[in-house]
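Shown next: target-v4.pdb, containing PDB, C-alpha atoms, pLDDT in the B column.
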ATOM      1  CA  MET A   1     -39.260   3.006 161.550  1.00 49.00           C
ATOM      2  CA  GLN A   2     -35.994   1.945 163.048  1.00 51.00           C
ATOM      3  CA  LEU A   3     -32.771   3.646 162.196  1.00 49.00           C
ATOM      4  CA  PRO A   4     -29.715   1.603 161.400  1.00 51.00           C
ATOM      5  CA  PHE A   5     -27.612   3.525 163.884  1.00 48.00           C
ATOM      6  CA  PRO A   6     -28.504   3.432 167.541  1.00 50.00           C
ATOM      7  CA  HIS A   7     -29.131   6.575 169.526  1.00 49.00           C
ATOM      8  CA  GLN A   8     -30.070   8.740 166.589  1.00 47.00           C
ATOM      9  CA  ASP A   9     -33.218  10.564 166.011  1.00 50.00           C
ATOM     10  CA  ASP A  10     -35.350  11.021 162.904  1.00 50.00           C
ATOM     11  CA  SER A  11     -33.357  13.872 161.514  1.00 49.00           C
ATOM     12  CA  SER A  12     -30.835  11.267 160.253  1.00 51.00           C
ATOM     13  CA  HIS A  13     -27.494  12.911 160.468  1.00 51.00           C
ATOM     14  CA  PHE A  14     -24.805  10.966 158.770  1.00 49.00           C
ATOM     15  CA  SER A  15     -21.155  11.540 159.417  1.00 49.00           C
ATOM     16  CA  VAL A  16     -18.062   9.790 158.159  1.00 49.00           C
ATOM     17  CA  ASN A  17     -14.673  10.110 159.797  1.00 50.00           C
ATOM     18  CA  PHE A  18     -11.751   9.823 157.377  1.00 48.00           C
ATOM     19  CA  ILE A  19      -8.442   9.232 159.051  1.00 51.00           C
ATOM     20  CA  LEU A  20      -5.587  10.424 156.879  1.00 49.00           C
ATOM     21  CA  SER A  21      -1.969  10.117 157.622  1.00 49.00           C
ATOM     22  CA  HIS A  22      -0.633  13.608 158.223  1.00 50.00           C
ATOM     23  CA  SER A  23       2.932  12.414 157.770  1.00 49.00           C
ATOM     24  CA  PHE A  24       2.292  12.051 154.019  1.00 49.00           C
ATOM     25  CA  PHE A  25       1.454  15.719 153.663  1.00 48.00           C
ATOM     26  CA  ARG A  26       4.241  16.892 155.952  1.00 51.00           C
ATOM     27  CA  THR A  27       7.062  15.086 154.101  1.00 52.00           C
ATOM     28  CA  ARG A  28       6.038  16.583 150.788  1.00 56.00           C
ATOM     29  CA  ALA A  29       5.365  20.098 151.997  1.00 53.00           C
ATOM     30  CA  LEU A  30       8.326  20.497 154.338  1.00 56.00           C
ATOM     31  CA  PRO A  31      11.132  20.623 151.719  1.00 65.00           C
ATOM     32  CA  LEU A  32       9.149  23.003 149.515  1.00 65.00           C
ATOM     33  CA  THR A  33       8.398  25.275 152.450  1.00 68.00           C
ATOM     34  CA  GLY A  34      12.031  25.180 153.563  1.00 67.00           C
ATOM     35  CA  LEU A  35      13.225  26.039 150.065  1.00 65.00           C
ATOM     36  CA  LEU A  36      10.856  28.986 149.772  1.00 68.00           C
ATOM     37  CA  LEU A  37      11.889  30.233 153.197  1.00 67.00           C
ATOM     38  CA  ALA A  38      15.614  29.947 152.317  1.00 66.00           C
ATOM     39  CA  LEU A  39      15.142  31.793 149.021  1.00 65.00           C
ATOM     40  CA  GLY A  40      13.246  34.562 150.802  1.00 64.00           C
ATOM     41  CA  CYS A  41      16.065  34.981 153.306  1.00 64.00           C
ATOM     42  CA  LEU A  42      18.842  34.945 150.722  1.00 62.00           C
ATOM     43  CA  GLY A  43      17.079  37.384 148.436  1.00 61.00           C
ATOM     44  CA  GLY A  44      17.359  40.124 151.013  1.00 61.00           C
ATOM     45  CA  CYS A  45      21.065  39.476 151.730  1.00 61.00           C
ATOM     46  CA  ALA A  46      22.668  40.789 148.532  1.00 63.00           C
ATOM     47  CA  PRO A  47      26.132  42.196 149.445  1.00 67.00           C
ATOM     48  CA  THR A  48      27.213  45.546 148.061  1.00 73.00           C
ATOM     49  CA  VAL A  49      30.742  45.743 146.629  1.00 69.00           C
ATOM     50  CA  ASN A  50      32.164  49.192 145.967  1.00 72.00           C
ATOM     51  CA  LEU A  51      34.605  49.171 143.037  1.00 71.00           C
ATOM     52  CA  ALA A  52      35.191  52.912 142.911  1.00 76.00           C
ATOM     53  CA  THR A  53      38.703  54.275 143.412  1.00 77.00           C
ATOM     54  CA  PRO A  54      39.564  57.771 144.643  1.00 80.00           C
ATOM     55  CA  GLN A  55      41.583  58.436 141.477  1.00 81.00           C
ATOM     56  CA  PRO A  56      41.479  56.854 138.012  1.00 80.00           C
ATOM     57  CA  ILE A  57      43.669  53.789 137.560  1.00 78.00           C
ATOM     58  CA  LYS A  58      46.673  54.523 135.352  1.00 79.00           C
ATOM     59  CA  VAL A  59      48.437  51.824 133.328  1.00 77.00           C
ATOM     60  CA  ASP A  60      51.841  52.472 131.783  1.00 76.00           C
ATOM     61  CA  VAL A  61      52.497  50.084 128.900  1.00 78.00           C
ATOM     62  CA  GLY A  62      55.784  50.104 127.005  1.00 77.00           C
ATOM     63  CA  VAL A  63      55.667  48.600 123.517  1.00 75.00           C
ATOM     64  CA  ARG A  64      58.434  48.084 120.996  1.00 73.00           C
ATOM     65  CA  LEU A  65      57.338  47.529 117.442  1.00 68.00           C
ATOM     66  CA  ASP A  66      59.810  46.683 114.690  1.00 65.00           C
ATOM     67  CA  VAL A  67      58.353  46.791 111.203  1.00 66.00           C
ATOM     68  CA  TYR A  68      60.230  45.348 108.256  1.00 58.00           C
ATOM     69  CA  GLN A  69      58.929  45.319 104.748  1.00 59.00           C
ATOM     70  CA  LYS A  70      60.064  42.506 102.510  1.00 60.00           C
ATOM     71  CA  THR A  71      59.184  41.900  98.913  1.00 55.00           C
ATOM     72  CA  ALA A  72      56.059  39.795  98.721  1.00 56.00           C
ATOM     73  CA  PRO A  73      55.908  37.015  96.145  1.00 54.00           C
ATOM     74  CA  THR A  74      54.670  38.239  92.799  1.00 49.00           C
ATOM     75  CA  LYS A  75      51.755  36.649  91.011  1.00 47.00           C
ATOM     76  CA  ALA A  76      54.090  35.252  88.353  1.00 46.00           C
ATOM     77  CA  LYS A  77      56.136  33.512  91.048  1.00 49.00           C
ATOM     78  CA  GLU A  78      53.004  32.165  92.745  1.00 52.00           C
ATOM     79  CA  GLU A  79      51.974  30.545  89.477  1.00 53.00           C
ATOM     80  CA  GLN A  80      55.306  28.783  89.174  1.00 60.00           C
ATOM     81  CA  SER A  81      55.671  25.424  90.758  1.00 74.00           C
ATOM     82  CA  SER A  82      57.850  24.803  93.775  1.00 78.00           C
ATOM     83  CA  LEU A  83      60.028  22.577  91.633  1.00 82.00           C
ATOM     84  CA  GLU A  84      60.799  25.443  89.250  1.00 86.00           C
ATOM     85  CA  ILE A  85      61.651  27.693  92.184  1.00 85.00           C
ATOM     86  CA  ALA A  86      63.927  25.032  93.668  1.00 85.00           C
ATOM     87  CA  ALA A  87      65.653  24.524  90.310  1.00 88.00           C
ATOM     88  CA  ALA A  88      66.257  28.267  89.902  1.00 90.00           C
ATOM     89  CA  ARG A  89      67.659  28.517  93.425  1.00 91.00           C
ATOM     90  CA  ARG A  90      69.942  25.543  92.794  1.00 92.00           C
ATOM     91  CA  LEU A  91      71.312  27.128  89.618  1.00 93.00           C
ATOM     92  CA  ARG A  92      71.865  30.410  91.435  1.00 94.00           C
ATOM     93  CA  SER A  93      73.591  28.841  94.463  1.00 92.00           C
ATOM     94  CA  GLY A  94      77.073  29.027  92.890  1.00 93.00           C
ATOM     95  CA  GLU A  95      76.715  32.761  92.212  1.00 95.00           C
ATOM     96  CA  ILE A  96      75.469  33.350  95.735  1.00 94.00           C
ATOM     97  CA  GLN A  97      78.385  31.441  97.217  1.00 95.00           C
ATOM     98  CA  GLN A  98      80.878  33.496  95.175  1.00 95.00           C
ATOM     99  CA  LEU A  99      79.288  36.748  96.383  1.00 95.00           C
ATOM    100  CA  LYS A 100      79.331  35.462  99.985  1.00 95.00           C
ATOM    101  CA  SER A 101      82.974  34.396  99.714  1.00 94.00           C
ATOM    102  CA  ALA A 102      83.859  37.841  98.346  1.00 94.00           C
ATOM    103  CA  HIS A 103      82.149  39.328 101.461  1.00 94.00           C
ATOM    104  CA  ILE A 104      79.740  41.307  99.278  1.00 94.00           C
ATOM    105  CA  ILE A 105      76.488  39.759 100.541  1.00 96.00           C
ATOM    106  CA  GLY A 106      75.343  38.172 103.783  1.00 95.00           C
ATOM    107  CA  GLU A 107      72.407  36.426 105.408  1.00 93.00           C
ATOM    108  CA  ASP A 108      70.133  38.770 107.373  1.00 93.00           C
ATOM    109  CA  ARG A 109      68.143  37.845 110.472  1.00 91.00           C
ATOM    110  CA  ASP A 110      64.888  37.484 108.518  1.00 91.00           C
ATOM    111  CA  GLY A 111      66.203  34.793 106.171  1.00 92.00           C
ATOM    112  CA  TYR A 112      66.993  37.001 103.172  1.00 94.00           C
ATOM    113  CA  LEU A 113      70.212  38.058 101.466  1.00 95.00           C
ATOM    114  CA  ASP A 114      71.545  41.567 101.954  1.00 94.00           C
ATOM    115  CA  ILE A 115      74.367  43.455 100.263  1.00 94.00           C
ATOM    116  CA  ARG A 116      76.954  44.220 102.948  1.00 94.00           C
ATOM    117  CA  ASN A 117      79.885  45.645 100.926  1.00 93.00           C
ATOM    118  CA  PRO A 118      78.634  47.022  97.598  1.00 93.00           C
ATOM    119  CA  PRO A 119      81.165  46.650  94.767  1.00 93.00           C
ATOM    120  CA  THR A 120      82.551  49.853  93.244  1.00 92.00           C
ATOM    121  CA  ASP A 121      82.086  48.611  89.661  1.00 93.00           C
ATOM    122  CA  PRO A 122      78.523  49.577  88.638  1.00 93.00           C
ATOM    123  CA  LYS A 123      78.111  46.493  86.426  1.00 95.00           C
ATOM    124  CA  TYR A 124      79.240  44.156  89.204  1.00 94.00           C
ATOM    125  CA  LEU A 125      76.974  45.974  91.658  1.00 94.00           C
ATOM    126  CA  ALA A 126      73.994  45.570  89.273  1.00 95.00           C
ATOM    127  CA  TYR A 127      74.856  41.870  88.897  1.00 95.00           C
ATOM    128  CA  ALA A 128      75.024  41.391  92.695  1.00 95.00           C
ATOM    129  CA  GLN A 129      71.743  43.279  93.189  1.00 95.00           C
ATOM    130  CA  GLY A 130      70.064  41.124  90.507  1.00 95.00           C
ATOM    131  CA  VAL A 131      71.223  37.894  92.156  1.00 96.00           C
ATOM    132  CA  VAL A 132      70.106  39.095  95.605  1.00 96.00           C
ATOM    133  CA  LYS A 133      66.727  40.273  94.305  1.00 95.00           C
ATOM    134  CA  ALA A 134      66.046  37.008  92.442  1.00 94.00           C
ATOM    135  CA  GLU A 135      67.063  34.881  95.437  1.00 94.00           C
ATOM    136  CA  ASN A 136      65.041  36.958  97.902  1.00 94.00           C
ATOM    137  CA  THR A 137      61.967  36.734  95.669  1.00 92.00           C
ATOM    138  CA  ASP A 138      62.302  32.948  95.504  1.00 92.00           C
ATOM    139  CA  ARG A 139      62.905  32.722  99.260  1.00 91.00           C
ATOM    140  CA  SER A 140      59.822  34.843  99.853  1.00 90.00           C
ATOM    141  CA  TYR A 141      57.774  32.388  97.815  1.00 88.00           C
ATOM    142  CA  LEU A 142      59.369  29.478  99.691  1.00 88.00           C
ATOM    143  CA  TYR A 143      58.539  31.051 103.069  1.00 89.00           C
ATOM    144  CA  LEU A 144      54.971  31.797 102.004  1.00 88.00           C
ATOM    145  CA  ALA A 145      54.397  28.237 100.794  1.00 85.00           C
ATOM    146  CA  ASN A 146      55.819  26.811 104.034  1.00 85.00           C
ATOM    147  CA  ALA A 147      53.792  29.246 106.150  1.00 87.00           C
ATOM    148  CA  GLN A 148      50.582  28.199 104.417  1.00 86.00           C
ATOM    149  CA  THR A 149      51.440  24.522 104.799  1.00 85.00           C
ATOM    150  CA  LYS A 150      52.319  24.850 108.490  1.00 88.00           C
ATOM    151  CA  ASN A 151      49.617  27.465 109.169  1.00 89.00           C
ATOM    152  CA  GLU A 152      52.216  29.775 110.752  1.00 88.00           C
ATOM    153  CA  PRO A 153      53.091  33.434 110.162  1.00 89.00           C
ATOM    154  CA  MET A 154      55.480  33.995 107.264  1.00 87.00           C
ATOM    155  CA  GLU A 155      57.854  35.950 109.536  1.00 87.00           C
ATOM    156  CA  LEU A 156      58.221  32.948 111.851  1.00 90.00           C
ATOM    157  CA  VAL A 157      59.068  30.660 108.939  1.00 90.00           C
ATOM    158  CA  GLY A 158      61.592  33.239 107.668  1.00 88.00           C
ATOM    159  CA  ALA A 159      63.212  33.435 111.109  1.00 89.00           C
ATOM    160  CA  ASP A 160      63.556  29.636 111.169  1.00 91.00           C
ATOM    161  CA  TYR A 161      65.229  29.694 107.762  1.00 91.00           C
ATOM    162  CA  ALA A 162      67.484  32.568 108.872  1.00 91.00           C
ATOM    163  CA  LYS A 163      68.810  30.385 111.686  1.00 91.00           C
ATOM    164  CA  LEU A 164      69.374  27.576 109.191  1.00 91.00           C
ATOM    165  CA  TRP A 165      71.299  29.882 106.800  1.00 90.00           C
ATOM    166  CA  ARG A 166      73.386  31.264 109.711  1.00 91.00           C
ATOM    167  CA  ASP A 167      74.273  27.761 110.853  1.00 91.00           C
ATOM    168  CA  ARG A 168      75.267  26.713 107.324  1.00 90.00           C
ATOM    169  CA  ALA A 169      77.412  29.807 106.685  1.00 91.00           C
ATOM    170  CA  PHE A 170      81.126  29.252 106.198  1.00 92.00           C
ATOM    171  CA  PRO A 171      83.762  31.011 108.300  1.00 92.00           C
ATOM    172  CA  GLY A 172      84.255  34.632 107.173  1.00 92.00           C
ATOM    173  CA  GLU A 173      80.748  35.021 105.665  1.00 93.00           C
ATOM    174  CA  TRP A 174      78.507  37.849 106.830  1.00 93.00           C
ATOM    175  CA  VAL A 175      75.539  36.875 109.006  1.00 93.00           C
ATOM    176  CA  GLN A 176      73.161  39.047 110.979  1.00 92.00           C
ATOM    177  CA  LYS A 177      72.458  37.977 114.538  1.00 90.00           C
ATOM    178  CA  GLU A 178      68.917  38.056 115.935  1.00 88.00           C
ATOM    179  CA  ASP A 179      69.650  41.340 117.725  1.00 90.00           C
ATOM    180  CA  GLY A 180      70.451  43.013 114.375  1.00 88.00           C
ATOM    181  CA  THR A 181      74.246  43.147 114.584  1.00 91.00           C
ATOM    182  CA  TRP A 182      76.299  41.900 111.651  1.00 93.00           C
ATOM    183  CA  ILE A 183      79.263  39.628 112.227  1.00 91.00           C
ATOM    184  CA  GLN A 184      81.616  37.607 110.099  1.00 92.00           C
ATOM    185  CA  LYS A 185      81.213  34.017 111.141  1.00 86.00           C
TER     186      LYS A 185
END
Rendering of file as structure tokens:
Amino acid sequence: MQLPFPHQDDSSHFSVNFILSHSFFRTRALPLTGLLLALGCLGGCAPTVNLATPQPIKVDVGVRLDVYQKTAPTKAKEEQSSLEIAAARRLRSGEIQQLKSAHIIGEDRDGYLDIRNPPTDPKYLAYAQGVVKAENTDRSYLYLANAQTKNEPMELVGADYAKLWRDRAFPGEWVQKEDGTWIQK
């Protein structure tokens, strides 16, 4: 029997030589190996930062808090329409102007009326207090409605109106400046 391959004996050894491109395996394995090596090196290099101080840190904070309580709108006033409030304020405006001209009331820095020189006559004093209370209640409702519409704090809306009332005041009327001092315009 003759073997298909020359110089081979009867034991018939068969070998196949596969030639593979090693560059294929190297290009794929090299980045992965490099990444693993870099991660291994960086993992051991965690810096230590000491945030301790020899003494506790002290912070001195100065705060000034001014608290003013104003009459909140009543439920009856909230149920009234803005038109009714505006009509009541319009009807009352003549009385307010007379009290301002007599230097009895003035505009405070928060946008409300305040009695500056109380009258000596108890009936006139009660009248002035009634006018001031009614106007301040309506203004409070006005400020609340505007604050809700503008999505701003009620105090900010009141301060804006206070500036408006100060600017509209006639000479000789009492107005309170933003720093709290009262002057006659």
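Among A:Gln129, A:Asn146, A:Thr120, A:Gln184, the residue with the shortest atom-to-atom distance to Phe170 in chain A, counting all atoms listed in the file, is A:Gln184.
The space separating CA of Thr149 in chain A from CA of Lys163 in chain A comes to 19.6 Å.
Going from CA of Asn117 in chain A over to CA of Arg166 in chain A, you cover 18.1 Å.
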- request: Go through A:Glu84, A:Asp60, A:Asp108, A:Glu95 and flag the residue nearest Trp165 in chain A, using all atoms listed in the file for the distances.
  value: A:Asp108
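The coordinates place CA of Glu107 in chain A at 17.2 Å from CA of Pro119 in chain A.
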